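entry.txt follows; it contains compact mmCIF, C-alpha atoms and all ligand atoms.
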```txt
# COMPACT_ATOMS: atom_id res chain seq x y z
CA MET K 29 88.78 129.02 110.38
CA THR K 30 85.52 127.56 111.69
CA ALA K 31 83.60 128.37 114.86
CA TRP K 32 83.26 124.69 115.69
CA GLU K 33 85.76 122.01 116.56
CA ILE K 34 86.84 119.54 113.86
CA LYS K 35 88.19 116.40 115.51
CA GLY K 36 89.38 114.42 112.44
CA TRP K 37 88.90 111.12 114.28
CA CYS K 38 85.97 108.98 115.35
CA PRO K 39 85.45 107.64 118.85
CA GLY K 40 86.02 103.94 119.43
CA ALA K 41 85.44 101.58 122.31
CA LEU K 42 89.06 101.74 123.48
CA ARG K 43 89.36 105.46 122.68
CA PRO K 44 86.02 107.01 123.74
CA MET K 45 85.16 110.65 123.12
CA GLN K 46 84.08 113.11 125.80
CA SER K 47 80.64 114.57 125.19
CA GLY K 48 78.18 116.70 127.14
CA ASP K 49 76.62 113.61 128.77
CA GLY K 50 79.80 111.69 129.52
CA LEU K 51 82.00 109.44 127.40
CA VAL K 52 80.72 108.19 124.04
CA VAL K 53 81.90 104.61 123.47
CA ARG K 54 81.58 103.42 119.88
CA ILE K 55 81.31 99.68 119.24
CA ARG K 56 82.16 98.45 115.74
CA PRO K 57 80.28 95.15 115.44
CA PRO K 58 82.64 92.61 113.80
CA LEU K 59 81.54 91.97 110.19
CA CYS K 60 78.71 94.46 110.81
CA ARG K 61 76.50 91.96 112.58
CA LEU K 62 75.46 91.04 116.13
CA THR K 63 74.42 87.72 117.55
CA PRO K 64 71.50 87.89 120.02
CA ALA K 65 74.02 87.32 122.84
CA GLN K 66 76.20 90.22 121.66
CA ALA K 67 73.16 92.51 121.34
CA LYS K 68 72.11 91.59 124.88
CA ALA K 69 75.61 92.28 126.18
CA ILE K 70 75.59 95.75 124.58
CA ALA K 71 72.14 96.53 126.01
CA ARG K 72 73.28 95.38 129.46
CA ALA K 73 76.49 97.41 129.21
CA ALA K 74 74.53 100.52 128.21
CA GLU K 75 72.34 100.17 131.30
CA THR K 76 75.06 99.20 133.72
CA HIS K 77 77.97 101.37 132.59
CA GLY K 78 76.27 104.19 130.64
CA ASN K 79 73.04 106.18 130.72
CA GLY K 80 71.03 103.54 128.82
CA ILE K 81 71.05 105.45 125.52
CA ILE K 82 72.42 103.75 122.40
CA ASP K 83 73.05 105.57 119.09
CA LEU K 84 73.24 103.88 115.71
CA SER K 85 75.81 105.86 113.73
CA ALA K 86 75.87 106.68 110.02
CA ARG K 87 78.70 104.13 109.75
CA ALA K 88 76.52 101.34 111.18
CA ASN K 89 78.26 101.40 114.57
CA LEU K 90 76.60 101.42 117.99
CA GLN K 91 77.48 104.16 120.49
CA LEU K 92 76.90 103.91 124.21
CA ARG K 93 76.49 107.28 125.90
CA GLY K 94 76.92 108.55 129.44
CA VAL K 95 79.87 106.27 130.26
CA THR K 96 82.25 107.47 133.00
CA GLU K 97 86.01 107.14 133.50
CA THR K 98 85.21 104.66 136.27
CA SER K 99 82.69 102.54 134.38
CA HIS K 100 84.63 102.43 131.08
CA PRO K 101 87.14 99.67 132.03
CA LYS K 102 84.30 97.44 133.28
CA LEU K 103 82.32 98.07 130.10
CA ILE K 104 85.33 97.00 128.02
CA ASP K 105 85.78 93.82 130.11
CA ASP K 106 82.10 92.91 129.69
CA LEU K 107 82.06 93.44 125.92
CA ARG K 108 85.44 91.77 125.37
CA THR K 109 83.99 88.46 126.54
CA GLN K 110 81.52 88.74 123.63
CA GLY K 111 84.24 89.34 121.01
CA LEU K 112 83.19 92.97 120.53
CA ILE K 113 86.48 94.66 121.48
CA ASP K 114 89.68 94.80 119.41
CA LYS K 115 93.07 94.00 120.89
CA ASP K 116 94.30 97.61 120.76
CA ILE K 117 93.36 101.13 119.62
CA GLU K 118 95.28 100.86 116.35
CA THR K 119 93.42 97.69 115.30
CA GLU K 120 90.09 99.24 116.29
CA THR K 121 90.80 102.46 114.36
CA LEU K 122 91.76 100.65 111.16
CA ARG K 123 88.74 98.29 111.24
CA ASN K 124 86.48 100.87 109.66
CA LEU K 125 84.18 98.75 107.51
CA ILE K 126 80.50 98.97 106.57
CA VAL K 127 79.06 95.75 105.13
CA THR K 128 75.81 95.65 103.20
CA PRO K 129 73.07 94.18 105.40
CA PHE K 130 71.67 92.34 102.37
CA ARG K 131 74.25 89.66 101.89
CA ASP K 132 74.86 86.15 100.65
CA ALA K 133 77.48 83.65 101.85
CA GLU K 134 80.07 85.14 99.47
CA THR K 135 79.65 88.62 100.96
CA GLY K 136 80.10 87.13 104.43
CA ALA K 137 83.37 85.50 103.28
CA LEU K 138 84.55 88.74 101.63
CA ALA K 139 83.84 90.66 104.86
CA ALA K 140 86.00 88.19 106.79
CA THR K 141 88.80 88.51 104.18
CA LEU K 142 88.73 92.31 104.29
CA THR K 143 88.66 92.34 108.10
CA ALA K 144 91.74 90.08 108.22
CA ALA K 145 93.48 92.39 105.70
CA PHE K 146 93.27 95.38 108.06
CA ALA K 147 96.28 94.00 109.95
CA GLN K 148 98.41 94.64 106.81
CA MET K 149 97.00 98.06 105.93
CA PRO K 150 99.22 101.15 106.07
CA ARG K 151 98.47 103.73 108.75
CA LEU K 152 95.34 105.57 107.52
CA PRO K 153 93.47 108.66 108.78
CA GLY K 154 90.90 107.99 111.53
CA LYS K 155 87.90 108.67 109.31
CA PHE K 156 89.16 106.58 106.36
CA GLY K 157 86.86 103.63 105.79
CA PHE K 158 85.77 100.80 103.51
CA ALA K 159 82.31 99.78 102.28
CA LEU K 160 81.65 96.20 101.20
CA ASP K 161 78.62 96.54 98.96
CA THR K 162 78.50 93.19 97.16
CA GLY K 163 74.86 92.22 97.63
CA PRO K 164 72.56 91.77 94.64
CA LEU K 165 72.81 95.55 93.91
CA PRO K 166 74.76 98.36 95.62
CA VAL K 167 72.92 100.00 98.53
CA LEU K 168 75.76 101.74 100.38
CA THR K 169 76.55 104.38 97.75
CA GLN K 170 75.46 107.22 100.06
CA ALA K 171 77.28 105.83 103.12
CA SER K 172 80.61 107.39 104.10
CA ALA K 173 83.53 105.36 102.71
CA ASP K 174 86.85 105.86 100.94
CA ILE K 175 87.32 102.52 99.21
CA ARG K 176 84.25 100.63 97.98
CA VAL K 177 84.05 96.96 97.08
CA GLU K 178 81.22 96.60 94.59
CA ARG K 179 80.14 94.56 91.59
CA SER K 180 80.33 95.83 88.05
CA ASP K 181 77.37 95.73 85.67
CA GLU K 182 78.60 92.31 84.54
CA GLY K 183 78.95 91.02 88.11
CA TYR K 184 82.75 91.32 88.44
CA LEU K 185 84.11 92.32 91.82
CA ILE K 186 85.61 95.83 91.70
CA LEU K 187 87.41 98.22 94.07
CA ARG K 188 86.23 101.77 93.51
CA PRO K 189 87.91 104.80 95.10
CA GLU K 190 85.28 107.21 96.48
CA GLY K 191 84.71 110.13 94.15
CA HIS K 192 85.60 108.19 91.01
CA LEU K 193 82.97 106.68 88.73
CA LEU K 194 85.00 103.58 87.83
CA GLY K 195 86.69 100.82 89.79
CA GLN K 196 89.53 98.32 89.38
CA PRO K 197 88.74 94.65 88.76
CA VAL K 198 89.64 92.57 91.85
CA ALA K 199 91.88 89.51 91.55
CA ASP K 200 92.69 89.08 95.25
CA LEU K 201 90.54 91.23 97.56
CA ALA K 202 92.96 91.46 100.50
CA ARG K 203 96.01 92.20 98.33
CA ASP K 204 94.20 94.67 96.07
CA ALA K 205 92.52 96.55 98.93
CA ILE K 206 95.86 96.96 100.72
CA ALA K 207 97.43 98.12 97.44
CA MET K 208 94.77 100.79 96.95
CA ALA K 209 95.22 102.01 100.53
CA GLU K 210 99.00 102.15 99.97
CA TRP K 211 98.43 104.05 96.73
CA PHE K 212 96.33 106.60 98.66
CA VAL K 213 99.15 107.15 101.15
CA ALA K 214 101.89 107.26 98.48
CA SER K 215 99.86 109.70 96.35
CA GLY K 216 99.77 112.30 99.13
CA GLY K 217 96.26 111.58 100.38
CA ILE K 218 97.24 112.34 103.99
CA SER K 219 98.09 115.74 105.36
CA ASN K 220 98.59 116.36 109.10
CA GLY K 221 97.19 112.88 109.77
CA ARG K 222 93.93 113.64 107.93
CA GLY K 223 92.65 112.92 104.45
CA ARG K 224 89.82 111.35 102.48
CA MET K 225 89.87 109.56 99.16
CA ALA K 226 87.27 111.83 97.55
CA ALA K 227 89.47 114.88 98.17
CA LEU K 228 92.43 113.19 96.45
CA ILE K 229 90.29 112.08 93.50
CA ALA K 230 88.93 115.64 93.21
CA LYS K 231 92.51 116.79 92.49
CA GLY K 232 92.52 114.53 89.43
CA ILE K 233 94.76 111.90 91.06
CA VAL K 234 93.28 108.47 90.24
CA PRO K 235 94.61 104.96 90.88
CA PRO K 236 95.60 102.94 87.79
CA GLY K 237 93.35 100.34 86.17
CA CYS K 238 89.96 101.85 87.06
CA THR K 239 87.93 100.77 84.02
CA LEU K 240 84.71 99.16 85.29
CA ALA K 241 81.50 100.96 86.30
CA PRO K 242 79.56 99.65 89.30
CA ALA K 243 76.04 98.32 88.87
CA GLU K 244 73.24 100.88 89.25
CA PRO K 245 72.50 101.31 93.00
CA LEU K 246 69.15 100.67 94.64
CA PRO K 247 67.39 103.58 96.37
CA THR K 248 67.92 103.74 100.14
CA PRO K 249 65.74 100.99 101.66
CA ILE K 250 62.73 101.89 103.80
CA PRO K 251 61.44 100.30 107.00
CA GLY K 252 59.34 97.17 106.56
CA LEU K 253 59.70 93.56 105.51
CA HIS K 254 62.44 92.71 103.01
CA PRO K 255 63.51 89.37 101.55
CA ASP K 256 66.36 89.23 104.14
CA GLY K 257 64.24 90.18 107.18
CA ALA K 258 62.61 93.12 108.94
CA LEU K 259 64.15 96.57 108.61
CA LEU K 260 63.30 98.69 111.67
CA ALA K 261 64.03 102.41 111.98
CA LEU K 262 65.09 104.42 115.03
CA ALA K 263 64.16 108.08 115.38
CA PHE K 264 67.43 110.02 114.92
CA GLY K 265 69.24 106.68 115.11
CA GLN K 266 68.78 106.43 118.87
CA MET K 267 67.21 103.80 121.13
CA ARG K 268 67.03 102.88 124.80
CA ALA K 269 68.74 99.74 126.08
CA GLU K 270 65.28 98.17 126.66
CA THR K 271 64.61 98.31 122.92
CA LEU K 272 67.83 96.44 122.13
CA HIS K 273 67.05 93.89 124.86
CA ALA K 274 63.65 93.26 123.30
CA LEU K 275 65.20 92.90 119.83
CA ALA K 276 67.79 90.44 121.14
CA ASP K 277 64.97 88.40 122.69
CA LEU K 278 63.64 87.76 119.16
CA ASN K 279 66.72 85.54 118.79
CA HIS K 280 67.72 86.64 115.28
CA GLU K 281 71.01 88.00 114.02
CA ILE K 282 70.90 91.83 114.00
CA ARG K 283 72.69 93.82 111.29
CA PRO K 284 73.21 97.54 111.93
CA THR K 285 72.89 99.67 108.78
CA PRO K 286 74.07 103.20 107.93
CA TRP K 287 70.43 104.31 107.45
CA ARG K 288 69.51 104.53 111.16
CA MET K 289 67.83 101.15 110.78
CA LEU K 290 68.49 97.65 112.08
CA LEU K 291 67.91 94.54 109.96
CA ILE K 292 66.49 91.64 111.94
CA VAL K 293 67.74 88.81 109.77
CA GLY K 294 65.12 86.21 108.86
CA ALA K 295 62.22 87.94 110.66
CA THR K 296 58.99 87.43 108.73
CA GLU K 297 56.85 89.90 110.65
CA LEU K 298 57.35 93.38 112.06
CA PRO K 299 57.80 93.28 115.83
CA ALA K 300 55.71 95.67 117.96
CA ILE K 301 58.50 96.97 120.21
CA PRO K 302 58.33 100.50 121.66
CA GLY K 303 61.00 102.77 120.20
CA LEU K 304 61.00 101.23 116.72
CA ILE K 305 59.51 102.79 113.59
CA THR K 306 58.01 100.38 111.06
CA ASP K 307 55.88 102.87 109.10
CA PRO K 308 57.96 104.34 106.24
CA THR K 309 55.64 107.39 106.11
CA ASP K 310 56.32 108.41 109.72
CA PRO K 311 57.28 112.12 109.39
CA ILE K 312 60.00 111.83 112.04
CA LEU K 313 61.98 109.87 109.42
CA ARG K 314 62.04 112.98 107.23
CA ILE K 315 63.85 114.99 109.89
CA THR K 316 67.59 114.69 110.40
CA ALA K 317 68.67 116.08 113.77
CA CYS K 318 72.08 115.84 115.40
CA THR K 319 72.60 115.19 119.11
CA GLY K 320 72.24 118.88 119.99
CA ALA K 321 72.00 120.29 123.53
CA PRO K 322 72.56 119.19 126.20
CA ALA K 323 74.43 116.02 125.13
CA CYS K 324 76.79 117.76 122.66
CA PRO K 325 79.13 120.29 124.30
CA GLN K 326 79.29 122.39 121.11
CA ALA K 327 75.51 122.69 120.74
CA LEU K 328 73.85 126.11 120.88
CA GLY K 329 70.33 124.68 121.24
CA ASP K 330 68.05 121.66 121.42
CA THR K 331 67.44 119.70 118.22
CA ARG K 332 65.43 116.55 118.85
CA ASN K 333 62.65 117.95 121.06
CA LEU K 334 62.11 120.59 118.40
CA ALA K 335 62.08 117.88 115.73
CA ARG K 336 59.34 115.95 117.58
CA GLN K 337 57.33 119.17 117.93
CA LEU K 338 57.63 120.02 114.24
CA ALA K 339 57.24 116.53 112.73
CA PRO K 340 53.40 116.38 112.75
CA HIS K 341 53.28 119.73 110.93
CA LEU K 342 55.61 118.87 108.05
CA ALA K 343 53.98 118.84 104.65
CA ALA K 344 53.95 115.45 102.91
CA SER K 345 57.38 114.65 101.47
CA GLN K 346 58.93 117.76 103.12
CA THR K 347 62.32 117.11 104.68
CA LEU K 348 64.12 119.06 107.39
CA HIS K 349 67.59 119.17 108.92
CA ILE K 350 67.93 120.55 112.46
CA SER K 351 71.47 121.25 113.62
CA GLY K 352 72.65 122.16 117.11
CA CYS K 353 75.39 124.37 115.63
CA ALA K 354 76.79 125.44 112.28
CA LYS K 355 78.98 122.33 112.02
CA GLY K 356 76.05 120.31 110.66
CA CYS K 357 77.34 116.86 111.69
CA ALA K 358 74.11 115.02 110.93
CA HIS K 359 73.79 116.35 107.35
CA PRO K 360 77.06 117.84 106.09
CA THR K 361 75.69 118.42 102.58
CA ALA K 362 72.93 120.83 101.48
CA ALA K 363 69.38 120.08 102.68
CA GLU K 364 66.02 121.36 101.44
CA THR K 365 65.51 123.26 104.73
CA THR K 366 67.92 123.56 107.64
CA LEU K 367 67.35 125.06 111.08
CA THR K 368 70.62 125.88 112.81
CA ALA K 369 70.65 126.72 116.53
CA THR K 370 72.43 130.00 117.21
CA GLY K 371 72.03 130.46 120.96
CA GLN K 372 69.47 133.21 120.26
CA GLY K 373 67.08 130.91 118.35
CA TYR K 374 67.31 129.12 115.01
CA ASP K 375 68.53 130.36 111.64
CA LEU K 376 66.55 129.06 108.69
CA ILE K 377 68.56 128.11 105.60
CA ARG K 378 66.97 127.02 102.34
CA ASN K 379 68.82 124.62 100.02
CA GLY K 380 72.04 124.88 101.95
CA THR K 381 74.16 123.49 104.75
CA ALA K 382 73.99 124.35 108.45
CA HIS K 383 76.58 127.09 107.96
CA ASP K 384 75.24 128.69 104.78
CA THR K 385 73.64 132.15 104.71
CA PRO K 386 70.18 132.05 106.37
CA SER K 387 67.00 133.51 104.91
CA LEU K 388 65.53 134.07 108.40
CA CYS K 389 67.49 134.55 111.62
CA ASN K 390 67.05 133.65 115.29
CA LEU K 391 63.52 132.22 115.05
CA THR K 392 61.92 130.92 118.24
CA PRO K 393 60.48 127.36 118.22
CA GLU K 394 57.02 128.99 118.45
CA ALA K 395 57.70 131.19 115.41
CA ILE K 396 58.84 128.14 113.41
CA LEU K 397 55.73 126.22 114.47
CA ASP K 398 53.44 129.16 113.65
CA HIS K 399 55.08 129.42 110.28
CA LEU K 400 54.31 125.76 109.62
CA LYS K 401 50.73 125.99 110.86
CA ALA K 402 49.83 129.27 109.10
CA PRO K 403 47.33 128.69 106.28
CA ASN K 404 48.95 129.05 102.87
CA ALA K 405 52.31 129.63 104.51
CA PRO K 406 55.15 128.90 102.15
CA HIS K 407 56.83 125.69 103.19
CA LEU K 408 59.78 126.06 105.44
S1 LIG H 501 76.29 119.78 114.61
FE1 LIG H 501 75.23 118.98 116.40
S2 LIG H 501 76.39 117.18 117.04
FE2 LIG H 501 77.69 118.35 115.61
S3 LIG H 501 78.94 119.64 116.95
FE3 LIG H 501 77.14 120.85 116.37
S4 LIG H 501 75.64 120.48 117.99
FE4 LIG H 501 77.21 118.91 118.17
```

So that I can check it, write out the structure of this file as structure tokens.
Ligand code: SF4
Amino acid sequence: MTAWEIKGWCPGALRPMQSGDGLVVRIRPPLCRLTPAQAKAIARAAETHGNGIIDLSARANLQLRGVTETSHPKLIDDLRTQGLIDKDIETETLRNLIVTPFRDAETGALAATLTAAFAQMPRLPGKFGFALDTGPLPVLTQASADIRVERSDEGYLILRPEGHLLGQPVADLARDAIAMAEWFVASGGISNGRGRMAALIAKGIVPPGCTLAPAEPLPTPIPGLHPDGALLALAFGQMRAETLHALADLNHEIRPTPWRMLLIVGATELPAIPGLITDPTDPILRITACTGAPACPQALGDTRNLARQLAPHLAASQTLHISGCAKGCAHPTAAETTLTATGQGYDLIRNGTAHDTPSLCNLTPEAILDHLKAPNAPHL
């Protein structure tokens, strides 16, 4: 039994989720890319029908916040004209696909094939997703997914179930991806409508024919210029609609990534737009902070204001996770240092998750700051 609510599904555009600041409407950009016109439409919709705040999720989706029951239908109408809305909730829920932002024409074609295959997939849990990671080298290894399309060391296309080191060679991507999803269902991967591939693999249940290892992944990319364009970071994965408007005005395709960064395809210089981080050493990038209070109804304290206060005082290379409650949405695995809001302050946890046993309890923001500033203080 946990003290926080586990929803087991992700919000969509057609099925938004209630939050502390209104409805959260999640847009899944088709093929994980946006034309300038689509980006403009999302920015306009965020201003007109929401509170102007846009989140970039860890699954490379865009979330509009502060939408109301009244404004939601108009928002859907506006975005449907740009091809950003699925025909129904079931189609939207199944189309859970992250595509590598670094892609060639073949990856684009594979993304279209996989997207078309979703219509034939069995009914899968809401959080079950696919990662198409077929660029020059894998980069999505840390992104949440259940079935990964990758390349083997020798360059063969493989389907790898999350949690297993080896994948199956692919003969027909659509057919083989559907078959692996059906295998997951038939093997008992779903219980009470929920289930993830890694949990099934952890029980020692593995699909047949997994013989090929994926190529060695690249480290997570950093902001800056890359061969495919400019990678721009957003503090805590959040921006204002004005920032997206300004990016759309650059007139390049925009590819959302799972790293709280947007790839501006083909850009050869870093744009100077407020709200974007282009310096990979910016300490705010070393802090992970969930939505927190007041926007999350489960939060027991602020997260992001505290993060901005603490960032200048972090030691070089020090990382920090700040969580609005013990659920730890923004960093479900262990972090070097975690501060978890308790309602009476912040618990400090070393090398653990937001709900692990703290070493210090109910610290005030001032006490945390003093601790950081104190000469010779041990790092948080
Ligand atoms: S971890 Fe953060 S975002 Fe998740 S429920 Fe708690 S306060 Fe909300």

Enumerate as a VMD selection string the residues within 7 Å of ligand LIG 501 (chain H), counting all atoms listed in the file.
chain K and resid 32 318 to 321 324 to 328 351 to 358

Which residues come within 6 Å of Glu190 of chain K, counting only C-alpha atoms, excluding same-chain residues fewer than 4 positions away, as a VMD selection string?
chain K and resid 174 to 175 225 to 226

Can you work out which one of K:Glu210, K:Gly157, K:Gln170, K:Gly217 has the shortest atom-to-atom distance to Thr361 of chain K, counting only C-alpha atoms?
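Of K:Glu210, K:Gly157, K:Gln170, K:Gly217, the one nearest Thr361 of chain K is K:Gln170, counting only C-alpha atoms.
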
Nearest residue to Leu142 of chain K from the set K:Ala86, K:Leu112, K:Ile206, K:Ile104 (distances using only C-alpha atoms):
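Using only C-alpha atoms, the shortest distance to Leu142 of chain K belongs to K:Ile206.
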
Find the residues around segment 388-394 of chain K up to 9 Å (only C-alpha atoms counted), leave out those fewer than 2 positions away in its own chain, and share them as a VMD selection string.
chain K and resid 334 337 to 338 368 to 377 386 396 to 399

Contacts of Glu120 of chain K at 9 Å or less, counting only C-alpha atoms, minus same-chain residues fewer than 5 places along, as a list in words?
Gly40, Ala41, Leu42, Arg43, Arg56, Ile113, Asp114 and Lys115 of chain K

Go through K:Ala335, K:Leu62, K:Val52, K:Ala209 one by one, measure the shortest atom-to-atom distance of each to Gly78 of chain K using only C-alpha atoms, and give the residue with the smallest value.
K:Val52

Here atom CA of Met289 of chain K and atom CA of Pro39 of chain K stand apart by 20.4 Å

Nearest to Leu228 of chain K by atom-to-atom distance, counting only C-alpha atoms, from K:Pro197, K:Pro242, K:Gly191, K:Gly257:
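Among K:Pro197, K:Pro242, K:Gly191, K:Gly257, it is K:Gly191 that comes nearest to Leu228 of chain K.
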
Counting all atoms listed in the file, which residue out of K:Val53, K:Ala269, K:Leu125, K:Ala227 sits closest to Ala74 of chain K?
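Closest residue, counting all atoms listed in the file: K:Ala269.
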
Within 9 Å of Ile186 of chain K, counting only C-alpha atoms, which residues qualify if same-chain residues fewer than 6 places away don't, as a PyMOL selection string?
chain K and resi 176-180+194-199+201+238+240-242

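Between atom CA of Leu152 of chain K and atom CA of His100 of chain K the separation is 26.1 Å.
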
When you look at segment 94-96 of chain K with a cut-off of 12 Å (counting all atoms listed in the file), what residues show up, excluding the ones that are within fewer than 3 positions of it in the same chain? I need them as a ChimeraX atom specification.
/K:41,44-54,73-83,91,99-104,322-324
